[in-house]
Amino acid sequence: MTSVALLAQDDLAAVFAWRPEGPVSVADYLADVHALAGRLPASGHLLNLCHDRYRFAVGFAAGLLRGMTSLQPSSQSAETFRRLRDDYPDLLALCDGATDTLDLPRFDFPELVGDRSASAIPHIPADRLAAILFTSGSTGLPQAQRKTWGKLAQNGRAEAIALGLDRTPHVLVGTVPVQHSYGFESTFLLALQGGCAFWAGKPFYPQDIASALAAVPQPRLLVTTPFHLSALLASGIDLPAIDLLLSATAPLSTPLAADAEARTGAPLLEIYGSTESGQLASRRTTEGAAWTLLPGVRLEQTADDTLACAGHVEGRVALSDVIELLPDNRFLLHGRHADLINIAGKRTSLAYLNHQLGAVPGVVDGAFFLPDEEGADGITRLTAFVVAPGLSARQITAALRQRIEAIFLPRPLVLVDELPRNSTGKLPRSGLQALYTDRLGHGRG
Amino acid sequence: MSQAAIETLLPEVAELIVSALNLDMCPEEIEADAPLFGDGLGLDSIDVLEIALVISKKYGFQLKSDNEDNIRIFSSLRALATYIASQRTQ
């Protein structure tokens with residue numbers, strides 16, 4: 001059976017991660033992995049909730065060595081935890097802070113002591129089910145995306161090659177959580193398989209990002225999103241040298257990309273992919289709109305769909321974007337299929353949100369509405385129109401908060417007497433648009 | 001810092017939150033001690049970054065955090081005003 005090394009890096013003295021107290025070597029990382037592995041169950045599912053990127057990395061590899069599968073939901077809501085507990089009764093939540101895990105079986109990240117002597121890089125069977133990442137499918141219910149170790153490792157290597165990191169490893173500083181697909185691929189897999197060290201924290205405010213960059217040596221790669229990047233530039237603070245910028249989760253506008261490059265002197269690369277398919281392509285935004293496929297990946301088109309396959313893609317994955325294929329492994333993106341929503345990199349569908357709204361006791365009818373984009377890189381908030389005699393907007397919002405992610409909560413939620421349904425009961429967008437203009441378009445505030 | 005300075009800041013910061021986030025409510029409706037996240041206003045991390053940007057411009061300091069601090073600073077309007085009063089340079 002084929003096996004793939006945990007790390008492409010075979011120098012045990014090399015730096016694996018940077019923590020506030022200093023560097024951690026590959027040998028120290030492996031020692032921590034083995035020490036933790038000895039305390040985990042020998043099978044089952046690991047819900048790795050560690051905030052610290054290094055502890056996540058120790059937990060993931062320790063679980064992998066024990067034959068555990070890492071569960072990586074897209075949210076940490078009570079509803080998500082309840083569903084995971086029902087679907088994976090053997091799960092264990094690994095935590096490194098005051099995370100509220102309800103009644104899930106829980107394992108707090110321990111102090112790790114033990115043999116620090118260097119050991120060999122472990123090899124793991126390529127077909128082992130290493131992780132399950134979740135995304136909301138078109139029905140809105142979370143879809144489990146099963147990832148084998150071999151494909152994950154291959155994704156990390158393909159990204160390293162596409163970004164040129166296989167030739168010049170950078171230190172990775174990420175503003176995105178390590179559990180979600182982009183952060184998982186671009187700060188964790190890229191570290192394991194691309195030979196890059198990473199900063200263990202997740203800087204949030206612009207000043208935090210500057211401090212994190214200053215704490216690691218050059219060359220530095222900032223792994224971020226259009227939203228974090230625009231906040232960073234808008235802050236106007238002085239930034240330490242950055243050698244490469246990486247953005248994903250939503251397309252970046254060319255002006256923001258050009259501004260980022262001018263302010264940092266670093267090339268800005270974008271990654272395109274999805275939780276279902278893994279990472280598929282990259283581009284330098286200021287050099288044009290076309291994307292170039294990562295090594296090994298292929299796109300195929302049918303009458304209605306574009307499918308990703310080959311390389312590190314698991315199976316054949318239909319993509320939710322409208323794509324125009326170009327010669328030489330390049331393509332253009334022409335927006336999303338209707339009904340899908342992406343706010344700050346979080347995806348869902350209107351159908352799912354409407355279903356959750358309708359399930360709130362007391363709600364007679366209701367619909368979410370996404371106003372037309374007000375500007376690139378901006379965050380467009382959802383509006384909801386609700387028929388619910390006897391309920392206040394605040395009560396409905398409180399009930400929705402139990403069901404959907406905060407970022408999709410309507411702002412505002414507007415109570416109406418009825419929705420503009422047509423004679424067949426359908427709700428045309430034009431009707432909602434008229435309602436939106438009428439209730440919110442003018443004379444607001 | 002004086003209690004009076006914080007009291008004076010409360011309506012100012014409430015106004016700043018409502019305008020920065022384009023909330024569909026009056027600044028006076030934000031209760032000083034009600035949570036800003038969760039069951040209160042229901043803010044999320046994107047809102048926090050937007051508010052932080054406006055605060056840094058208006059009061060002349062950069063917010064810094066580990067996660068715990070973040071939750072404390074944004075726990076309520078009063079907590080946020082208290083933090084601003086202690087950090088402001090303008």
# chains A, B, ... in the order shown; residues from 1 in each chain; ligands from 1
call {"tool": "residues_around", "arguments": {"residues": "B:Thr89", "least_positions_apart": "4", "cutoff": "10 Å", "atoms": "only C-alpha atoms", "output": "list in words"}}
result
Ser56, Lys58, Tyr59, Gly60, Phe61, Ile84 and Ala85 of chain B
call {"tool": "residues_around", "arguments": {"residues": "stretch 32-47 of chain A", "least_positions_apart": "4", "cutoff": "8 Å", "atoms": "only C-alpha atoms", "output": "PyMOL selection string"}}
result
chain A and resi 28+58-59+61-63+65-72+88+90-94+110+112-114
call {"tool": "closest_residue", "arguments": {"among": "B:Leu36, B:Ile30, B:Ala5, B:Ile55", "to": "B:Ile71", "atoms": "only C-alpha atoms"}}
result
B:Leu36
call {"tool": "interface_residues", "arguments": {"of": "chain A", "to": "chain B", "cutoff": "8 Å", "atoms": "only C-alpha atoms", "output": "mmCIF file with N, CA and C atoms, in the first residue's frame"}}
result
data_model
loop_
_atom_site.group_PDB
_atom_site.id
_atom_site.type_symbol
_atom_site.label_atom_id
_atom_site.label_comp_id
_atom_site.auth_asym_id
_atom_site.auth_seq_id
_atom_site.Cartn_x
_atom_site.Cartn_y
_atom_site.Cartn_z
ATOM 1 N N PHE A 204 -5.773 39.167 14.375
ATOM 2 C CA PHE A 204 -7.102 39.645 13.991
ATOM 3 C C PHE A 204 -7.091 41.118 13.595
ATOM 4 N N TYR A 205 -6.746 41.996 14.535
ATOM 5 C CA TYR A 205 -6.706 43.424 14.226
ATOM 6 C C TYR A 205 -5.471 43.737 13.378
ATOM 7 N N PRO A 206 -5.538 44.831 12.606
ATOM 8 C CA PRO A 206 -4.364 45.208 11.795
ATOM 9 C C PRO A 206 -3.066 45.243 12.607
ATOM 10 N N GLN A 207 -3.125 45.791 13.831
ATOM 11 C CA GLN A 207 -1.905 45.867 14.641
ATOM 12 C C GLN A 207 -1.403 44.476 15.026
ATOM 13 N N ASP A 208 -2.340 43.542 15.248
ATOM 14 C CA ASP A 208 -1.958 42.152 15.555
ATOM 15 C C ASP A 208 -1.229 41.532 14.364
ATOM 16 N N ALA A 231 -9.224 45.758 5.411
ATOM 17 C CA ALA A 231 -9.152 46.387 6.744
ATOM 18 C C ALA A 231 -7.711 46.741 7.091
ATOM 19 N N ALA A 234 -6.745 49.776 5.050
ATOM 20 C CA ALA A 234 -7.485 50.965 5.477
ATOM 21 C C ALA A 234 -6.948 51.514 6.795
ATOM 22 N N SER A 235 -6.354 50.652 7.613
ATOM 23 C CA SER A 235 -5.854 51.111 8.918
ATOM 24 C C SER A 235 -4.695 52.091 8.750
ATOM 25 N N ALA A 398 -33.487 36.341 17.465
ATOM 26 C CA ALA A 398 -32.933 35.489 18.532
ATOM 27 C C ALA A 398 -33.129 34.017 18.194
ATOM 28 N N ARG A 401 -30.737 32.947 15.437
ATOM 29 C CA ARG A 401 -29.354 32.828 15.881
ATOM 30 C C ARG A 401 -29.027 31.403 16.315
ATOM 31 N N ALA A 406 -24.025 33.663 12.513
ATOM 32 C CA ALA A 406 -24.277 35.084 12.769
ATOM 33 C C ALA A 406 -24.136 35.919 11.494
ATOM 34 N N ILE A 407 -23.194 35.542 10.655
ATOM 35 C CA ILE A 407 -22.912 36.370 9.490
ATOM 36 C C ILE A 407 -24.081 36.394 8.498
ATOM 37 N N ARG A 411 -29.978 41.743 8.337
ATOM 38 C CA ARG A 411 -29.721 43.070 8.863
ATOM 39 C C ARG A 411 -30.191 44.071 7.847
ATOM 40 N N PRO A 412 -31.406 44.528 7.890
ATOM 41 C CA PRO A 412 -32.372 44.266 8.953
ATOM 42 C C PRO A 412 -33.327 43.114 8.638
ATOM 43 N N GLY A 445 -33.360 55.977 8.315
ATOM 44 C CA GLY A 445 -32.733 56.755 9.393
ATOM 45 C C GLY A 445 -33.388 58.092 9.445
#
call {"tool": "atom_distance", "arguments": {"atom1": "atom CA of A:Gly164", "atom2": "atom CA of A:Thr148"}}
result
24.6 Å
call {"tool": "residues_around", "arguments": {"residues": "stretch 279-292 of chain A", "least_positions_apart": "2", "cutoff": "10 Å", "atoms": "only C-alpha atoms", "output": "PyMOL selection string"}}
result
chain A and resi 155-156+158-159+162-163+181-182+185-186+245-248+251-259+261+267-277+294-299+308-309+311-313+324-333
call {"tool": "write_last_selection", "arguments": {"atoms": "C-alpha atoms", "output": "short mmCIF file (atom, residue, chain, number, x, y, z; two decimals), in the first residue's frame"}}
result
data_model
loop_
_atom_site.label_atom_id
_atom_site.label_comp_id
_atom_site.auth_asym_id
_atom_site.auth_seq_id
_atom_site.Cartn_x
_atom_site.Cartn_y
_atom_site.Cartn_z
CA ASN A 155 -3.00 19.39 -2.50
CA GLY A 156 -0.36 20.89 -0.20
CA ALA A 158 0.47 21.36 -5.67
CA GLU A 159 -0.19 24.67 -3.89
CA ALA A 162 1.88 26.96 -7.87
CA LEU A 163 2.99 29.66 -5.44
CA SER A 181 -10.66 24.62 4.08
CA TYR A 182 -8.65 27.67 2.97
CA GLU A 185 -4.83 24.07 3.03
CA SER A 186 -2.84 27.29 3.02
CA LEU A 245 0.38 37.99 -0.19
CA LEU A 246 -2.21 35.25 -0.61
CA SER A 247 -5.97 35.80 -0.71
CA ALA A 248 -8.94 33.48 -1.10
CA PRO A 251 -12.64 37.18 -5.57
CA LEU A 252 -10.48 40.21 -4.96
CA SER A 253 -11.00 43.36 -6.97
CA THR A 254 -8.11 44.51 -9.14
CA PRO A 255 -7.91 47.97 -7.45
CA LEU A 256 -7.55 46.39 -3.99
CA ALA A 257 -4.96 43.96 -5.33
CA ALA A 258 -3.02 46.80 -6.97
CA ASP A 259 -3.20 48.87 -3.78
CA GLU A 261 0.95 45.33 -4.04
CA PRO A 267 3.06 40.15 -5.31
CA LEU A 268 -0.54 39.27 -4.48
CA LEU A 269 -1.66 35.79 -5.49
CA GLU A 270 -5.18 34.44 -5.27
CA ILE A 271 -6.31 30.87 -4.82
CA TYR A 272 -9.56 29.50 -6.21
CA GLY A 273 -11.13 26.37 -4.81
CA SER A 274 -13.92 24.98 -2.70
CA THR A 275 -14.27 22.71 0.29
CA GLU A 276 -15.67 20.00 -2.00
CA SER A 277 -12.89 20.11 -4.59
CA LEU A 294 -2.79 23.79 -10.03
CA PRO A 295 -0.51 20.95 -11.20
CA GLY A 296 -2.45 17.76 -11.94
CA VAL A 297 -5.97 19.23 -11.73
CA ARG A 298 -8.36 19.07 -14.70
CA LEU A 299 -11.68 20.76 -15.51
CA ALA A 308 -13.10 19.31 -11.37
CA CYS A 309 -11.18 16.05 -11.37
CA GLY A 311 -4.73 15.47 -9.33
CA HIS A 312 -5.66 15.91 -5.67
CA VAL A 313 -9.41 16.28 -6.35
CA GLU A 324 -15.26 29.62 -19.28
CA LEU A 325 -12.38 27.34 -20.23
CA LEU A 326 -9.35 28.85 -21.98
CA PRO A 327 -6.35 27.14 -23.60
CA ASP A 328 -3.25 26.17 -21.58
CA ASN A 329 -4.99 25.06 -18.38
CA ARG A 330 -6.49 28.49 -17.86
CA PHE A 331 -10.07 29.64 -17.27
CA LEU A 332 -12.28 32.59 -16.39
CA LEU A 333 -14.85 32.79 -13.59
#
call {"tool": "residues_around", "arguments": {"residues": "stretch 436-441 of chain A", "least_positions_apart": "4", "cutoff": "9 Å", "atoms": "only C-alpha atoms", "output": "list in words"}}
result
Phe369, Pro371, Thr383, Phe385, Val414, Gly431 and Leu432 of chain A
call {"tool": "select_by_dssp", "arguments": {"residues": "chain B", "states": "helix (DSSP H, G or I)", "output": "PDB file with N, CA and C atoms, in the first residue's frame"}}
result
ATOM      1  N   GLN B   3     -15.280  58.203  35.698  1.00  0.00           N
ATOM      2  CA  GLN B   3     -16.577  57.633  35.333  1.00  0.00           C
ATOM      3  C   GLN B   3     -17.313  58.577  34.380  1.00  0.00           C
ATOM      4  N   ALA B   4     -17.131  59.884  34.642  1.00  0.00           N
ATOM      5  CA  ALA B   4     -17.818  60.880  33.816  1.00  0.00           C
ATOM      6  C   ALA B   4     -17.354  60.786  32.359  1.00  0.00           C
ATOM      7  N   ALA B   5     -16.045  60.556  32.169  1.00  0.00           N
ATOM      8  CA  ALA B   5     -15.515  60.455  30.803  1.00  0.00           C
ATOM      9  C   ALA B   5     -16.168  59.284  30.076  1.00  0.00           C
ATOM     10  N   ILE B   6     -16.369  58.191  30.803  1.00  0.00           N
ATOM     11  CA  ILE B   6     -16.984  57.007  30.188  1.00  0.00           C
ATOM     12  C   ILE B   6     -18.448  57.291  29.854  1.00  0.00           C
ATOM     13  N   GLU B   7     -19.160  57.918  30.809  1.00  0.00           N
ATOM     14  CA  GLU B   7     -20.571  58.239  30.567  1.00  0.00           C
ATOM     15  C   GLU B   7     -20.732  59.122  29.322  1.00  0.00           C
ATOM     16  N   THR B   8     -19.803  60.080  29.164  1.00  0.00           N
ATOM     17  CA  THR B   8     -19.863  60.985  28.012  1.00  0.00           C
ATOM     18  C   THR B   8     -19.636  60.224  26.715  1.00  0.00           C
ATOM     19  N   LEU B   9     -18.767  59.198  26.801  1.00  0.00           N
ATOM     20  CA  LEU B   9     -18.441  58.436  25.591  1.00  0.00           C
ATOM     21  C   LEU B   9     -19.580  57.533  25.135  1.00  0.00           C
ATOM     22  N   LEU B  10     -20.425  57.105  26.062  1.00  0.00           N
ATOM     23  CA  LEU B  10     -21.440  56.098  25.720  1.00  0.00           C
ATOM     24  C   LEU B  10     -22.279  56.469  24.489  1.00  0.00           C
ATOM     25  N   PRO B  11     -22.933  57.645  24.481  1.00  0.00           N
ATOM     26  CA  PRO B  11     -23.749  57.964  23.295  1.00  0.00           C
ATOM     27  C   PRO B  11     -22.908  58.125  22.033  1.00  0.00           C
ATOM     28  N   GLU B  12     -21.685  58.634  22.203  1.00  0.00           N
ATOM     29  CA  GLU B  12     -20.791  58.835  21.058  1.00  0.00           C
ATOM     30  C   GLU B  12     -20.432  57.491  20.413  1.00  0.00           C
ATOM     31  N   VAL B  13     -20.094  56.514  21.249  1.00  0.00           N
ATOM     32  CA  VAL B  13     -19.707  55.194  20.733  1.00  0.00           C
ATOM     33  C   VAL B  13     -20.926  54.463  20.168  1.00  0.00           C
ATOM     34  N   ALA B  14     -22.083  54.654  20.804  1.00  0.00           N
ATOM     35  CA  ALA B  14     -23.316  54.034  20.283  1.00  0.00           C
ATOM     36  C   ALA B  14     -23.596  54.551  18.876  1.00  0.00           C
ATOM     37  N   GLU B  15     -23.442  55.847  18.702  1.00  0.00           N
ATOM     38  CA  GLU B  15     -23.653  56.463  17.393  1.00  0.00           C
ATOM     39  C   GLU B  15     -22.660  55.901  16.365  1.00  0.00           C
ATOM     40  N   LEU B  16     -21.431  55.745  16.823  1.00  0.00           N
ATOM     41  CA  LEU B  16     -20.380  55.222  15.950  1.00  0.00           C
ATOM     42  C   LEU B  16     -20.685  53.781  15.504  1.00  0.00           C
ATOM     43  N   ILE B  17     -21.184  52.976  16.422  1.00  0.00           N
ATOM     44  CA  ILE B  17     -21.515  51.581  16.072  1.00  0.00           C
ATOM     45  C   ILE B  17     -22.657  51.551  15.049  1.00  0.00           C
ATOM     46  N   VAL B  18     -23.695  52.321  15.321  1.00  0.00           N
ATOM     47  CA  VAL B  18     -24.862  52.316  14.437  1.00  0.00           C
ATOM     48  C   VAL B  18     -24.488  52.803  13.042  1.00  0.00           C
ATOM     49  N   SER B  19     -23.667  53.859  12.970  1.00  0.00           N
ATOM     50  CA  SER B  19     -23.325  54.379  11.647  1.00  0.00           C
ATOM     51  C   SER B  19     -22.310  53.488  10.937  1.00  0.00           C
ATOM     52  N   ALA B  20     -21.331  52.951  11.679  1.00  0.00           N
ATOM     53  CA  ALA B  20     -20.316  52.096  11.038  1.00  0.00           C
ATOM     54  C   ALA B  20     -20.947  50.840  10.459  1.00  0.00           C
ATOM     55  N   LEU B  21     -21.940  50.295  11.150  1.00  0.00           N
ATOM     56  CA  LEU B  21     -22.522  49.024  10.730  1.00  0.00           C
ATOM     57  C   LEU B  21     -23.830  49.206   9.982  1.00  0.00           C
ATOM     58  N   PRO B  27     -29.215  54.998  18.001  1.00  0.00           N
ATOM     59  CA  PRO B  27     -28.128  54.772  18.962  1.00  0.00           C
ATOM     60  C   PRO B  27     -28.646  54.617  20.396  1.00  0.00           C
ATOM     61  N   GLU B  28     -29.701  55.342  20.739  1.00  0.00           N
ATOM     62  CA  GLU B  28     -30.212  55.278  22.122  1.00  0.00           C
ATOM     63  C   GLU B  28     -30.757  53.899  22.469  1.00  0.00           C
ATOM     64  N   GLU B  29     -31.055  53.117  21.433  1.00  0.00           N
ATOM     65  CA  GLU B  29     -31.619  51.787  21.708  1.00  0.00           C
ATOM     66  C   GLU B  29     -30.564  50.790  22.183  1.00  0.00           C
ATOM     67  N   SER B  45     -17.546  38.874  13.870  1.00  0.00           N
ATOM     68  CA  SER B  45     -16.152  39.326  13.819  1.00  0.00           C
ATOM     69  C   SER B  45     -15.925  40.356  12.708  1.00  0.00           C
ATOM     70  N   ILE B  46     -16.730  40.308  11.670  1.00  0.00           N
ATOM     71  CA  ILE B  46     -16.599  41.306  10.604  1.00  0.00           C
ATOM     72  C   ILE B  46     -17.001  42.678  11.131  1.00  0.00           C
ATOM     73  N   ASP B  47     -18.064  42.697  11.930  1.00  0.00           N
ATOM     74  CA  ASP B  47     -18.485  43.959  12.549  1.00  0.00           C
ATOM     75  C   ASP B  47     -17.385  44.504  13.448  1.00  0.00           C
ATOM     76  N   VAL B  48     -16.779  43.607  14.221  1.00  0.00           N
ATOM     77  CA  VAL B  48     -15.743  44.035  15.161  1.00  0.00           C
ATOM     78  C   VAL B  48     -14.602  44.721  14.425  1.00  0.00           C
ATOM     79  N   LEU B  49     -14.206  44.145  13.294  1.00  0.00           N
ATOM     80  CA  LEU B  49     -13.105  44.728  12.531  1.00  0.00           C
ATOM     81  C   LEU B  49     -13.518  46.088  11.960  1.00  0.00           C
ATOM     82  N   GLU B  50     -14.759  46.208  11.554  1.00  0.00           N
ATOM     83  CA  GLU B  50     -15.232  47.491  11.022  1.00  0.00           C
ATOM     84  C   GLU B  50     -15.299  48.553  12.114  1.00  0.00           C
ATOM     85  N   ILE B  51     -15.784  48.160  13.288  1.00  0.00           N
ATOM     86  CA  ILE B  51     -15.838  49.112  14.398  1.00  0.00           C
ATOM     87  C   ILE B  51     -14.414  49.509  14.815  1.00  0.00           C
ATOM     88  N   ALA B  52     -13.529  48.514  14.845  1.00  0.00           N
ATOM     89  CA  ALA B  52     -12.144  48.774  15.258  1.00  0.00           C
ATOM     90  C   ALA B  52     -11.492  49.815  14.353  1.00  0.00           C
ATOM     91  N   LEU B  53     -11.797  49.724  13.075  1.00  0.00           N
ATOM     92  CA  LEU B  53     -11.219  50.659  12.105  1.00  0.00           C
ATOM     93  C   LEU B  53     -11.687  52.088  12.398  1.00  0.00           C
ATOM     94  N   VAL B  54     -12.972  52.242  12.657  1.00  0.00           N
ATOM     95  CA  VAL B  54     -13.523  53.567  12.943  1.00  0.00           C
ATOM     96  C   VAL B  54     -12.968  54.105  14.269  1.00  0.00           C
ATOM     97  N   ILE B  55     -12.864  53.229  15.246  1.00  0.00           N
ATOM     98  CA  ILE B  55     -12.321  53.638  16.551  1.00  0.00           C
ATOM     99  C   ILE B  55     -10.885  54.123  16.412  1.00  0.00           C
ATOM    100  N   SER B  56     -10.079  53.374  15.638  1.00  0.00           N
ATOM    101  CA  SER B  56      -8.667  53.765  15.527  1.00  0.00           C
ATOM    102  C   SER B  56      -8.527  55.127  14.850  1.00  0.00           C
ATOM    103  N   LYS B  57      -9.399  55.394  13.882  1.00  0.00           N
ATOM    104  CA  LYS B  57      -9.336  56.700  13.204  1.00  0.00           C
ATOM    105  C   LYS B  57      -9.785  57.833  14.138  1.00  0.00           C
ATOM    106  N   LYS B  58     -10.849  57.575  14.882  1.00  0.00           N
ATOM    107  CA  LYS B  58     -11.460  58.640  15.677  1.00  0.00           C
ATOM    108  C   LYS B  58     -10.690  58.910  16.966  1.00  0.00           C
ATOM    109  N   TYR B  59     -10.173  57.836  17.592  1.00  0.00           N
ATOM    110  CA  TYR B  59      -9.569  58.018  18.913  1.00  0.00           C
ATOM    111  C   TYR B  59      -8.051  57.842  18.918  1.00  0.00           C
ATOM    112  N   ASN B  67      -7.644  36.476  21.975  1.00  0.00           N
ATOM    113  CA  ASN B  67      -9.086  36.243  21.848  1.00  0.00           C
ATOM    114  C   ASN B  67      -9.883  36.665  23.072  1.00  0.00           C
ATOM    115  N   GLU B  68      -9.351  36.354  24.261  1.00  0.00           N
ATOM    116  CA  GLU B  68     -10.077  36.666  25.492  1.00  0.00           C
ATOM    117  C   GLU B  68     -10.346  38.165  25.592  1.00  0.00           C
ATOM    118  N   ASP B  69      -9.307  38.954  25.283  1.00  0.00           N
ATOM    119  CA  ASP B  69      -9.406  40.398  25.372  1.00  0.00           C
ATOM    120  C   ASP B  69     -10.492  40.928  24.447  1.00  0.00           C
ATOM    121  N   ASN B  70     -10.514  40.354  23.264  1.00  0.00           N
ATOM    122  CA  ASN B  70     -11.487  40.730  22.251  1.00  0.00           C
ATOM    123  C   ASN B  70     -12.903  40.612  22.779  1.00  0.00           C
ATOM    124  N   ILE B  71     -13.160  39.484  23.411  1.00  0.00           N
ATOM    125  CA  ILE B  71     -14.497  39.230  23.941  1.00  0.00           C
ATOM    126  C   ILE B  71     -14.809  40.228  25.045  1.00  0.00           C
ATOM    127  N   ARG B  72     -13.813  40.537  25.876  1.00  0.00           N
ATOM    128  CA  ARG B  72     -14.046  41.453  26.991  1.00  0.00           C
ATOM    129  C   ARG B  72     -14.305  42.877  26.479  1.00  0.00           C
ATOM    130  N   ILE B  73     -13.467  43.341  25.563  1.00  0.00           N
ATOM    131  CA  ILE B  73     -13.598  44.714  25.074  1.00  0.00           C
ATOM    132  C   ILE B  73     -14.950  44.937  24.404  1.00  0.00           C
ATOM    133  N   LEU B  77     -21.520  47.867  25.344  1.00  0.00           N
ATOM    134  CA  LEU B  77     -21.215  49.248  24.979  1.00  0.00           C
ATOM    135  C   LEU B  77     -20.363  49.904  26.065  1.00  0.00           C
ATOM    136  N   ARG B  78     -20.694  49.647  27.334  1.00  0.00           N
ATOM    137  CA  ARG B  78     -19.942  50.267  28.431  1.00  0.00           C
ATOM    138  C   ARG B  78     -18.496  49.752  28.453  1.00  0.00           C
ATOM    139  N   ALA B  79     -18.319  48.435  28.223  1.00  0.00           N
ATOM    140  CA  ALA B  79     -16.962  47.882  28.210  1.00  0.00           C
ATOM    141  C   ALA B  79     -16.135  48.521  27.096  1.00  0.00           C
ATOM    142  N   LEU B  80     -16.761  48.694  25.945  1.00  0.00           N
ATOM    143  CA  LEU B  80     -16.055  49.283  24.808  1.00  0.00           C
ATOM    144  C   LEU B  80     -15.692  50.745  25.099  1.00  0.00           C
ATOM    145  N   ALA B  81     -16.640  51.493  25.667  1.00  0.00           N
ATOM    146  CA  ALA B  81     -16.378  52.896  25.993  1.00  0.00           C
ATOM    147  C   ALA B  81     -15.278  53.011  27.051  1.00  0.00           C
ATOM    148  N   THR B  82     -15.279  52.093  28.015  1.00  0.00           N
ATOM    149  CA  THR B  82     -14.254  52.092  29.056  1.00  0.00           C
ATOM    150  C   THR B  82     -12.875  51.851  28.456  1.00  0.00           C
ATOM    151  N   TYR B  83     -12.836  50.893  27.515  1.00  0.00           N
ATOM    152  CA  TYR B  83     -11.564  50.578  26.866  1.00  0.00           C
ATOM    153  C   TYR B  83     -11.069  51.776  26.048  1.00  0.00           C
ATOM    154  N   ILE B  84     -11.977  52.403  25.329  1.00  0.00           N
ATOM    155  CA  ILE B  84     -11.587  53.575  24.528  1.00  0.00           C
ATOM    156  C   ILE B  84     -11.067  54.680  25.444  1.00  0.00           C
ATOM    157  N   ALA B  85     -11.773  54.915  26.546  1.00  0.00           N
ATOM    158  CA  ALA B  85     -11.352  55.975  27.472  1.00  0.00           C
ATOM    159  C   ALA B  85      -9.942  55.725  27.991  1.00  0.00           C
ATOM    160  N   SER B  86      -9.589  54.443  28.167  1.00  0.00           N
ATOM    161  CA  SER B  86      -8.271  54.132  28.728  1.00  0.00           C
ATOM    162  C   SER B  86      -7.162  54.175  27.681  1.00  0.00           C
ATOM    163  N   GLN B  87      -7.529  54.106  26.402  1.00  0.00           N
ATOM    164  CA  GLN B  87      -6.512  53.981  25.346  1.00  0.00           C
ATOM    165  C   GLN B  87      -6.404  55.201  24.445  1.00  0.00           C
TER     166      GLN B  87
END
call {"tool": "select_by_dssp", "arguments": {"residues": "stretch 62-180 of chain A", "states": "strand (DSSP E)", "output": "PyMOL selection string"}}
result
chain A and resi 69-72+91-95+106-108+123-125+129-136+142-148+171-174
call {"tool": "atom_distance", "arguments": {"atom1": "atom CA of A:Gln395", "atom2": "atom CA of A:Leu357"}}
result
12.1 Å
call {"tool": "residues_around", "arguments": {"residues": "A:Gln76", "least_positions_apart": "5", "cutoff": "9 Å", "atoms": "only C-alpha atoms", "output": "PyMOL selection string"}}
result
chain A and resi 49+81+101+405
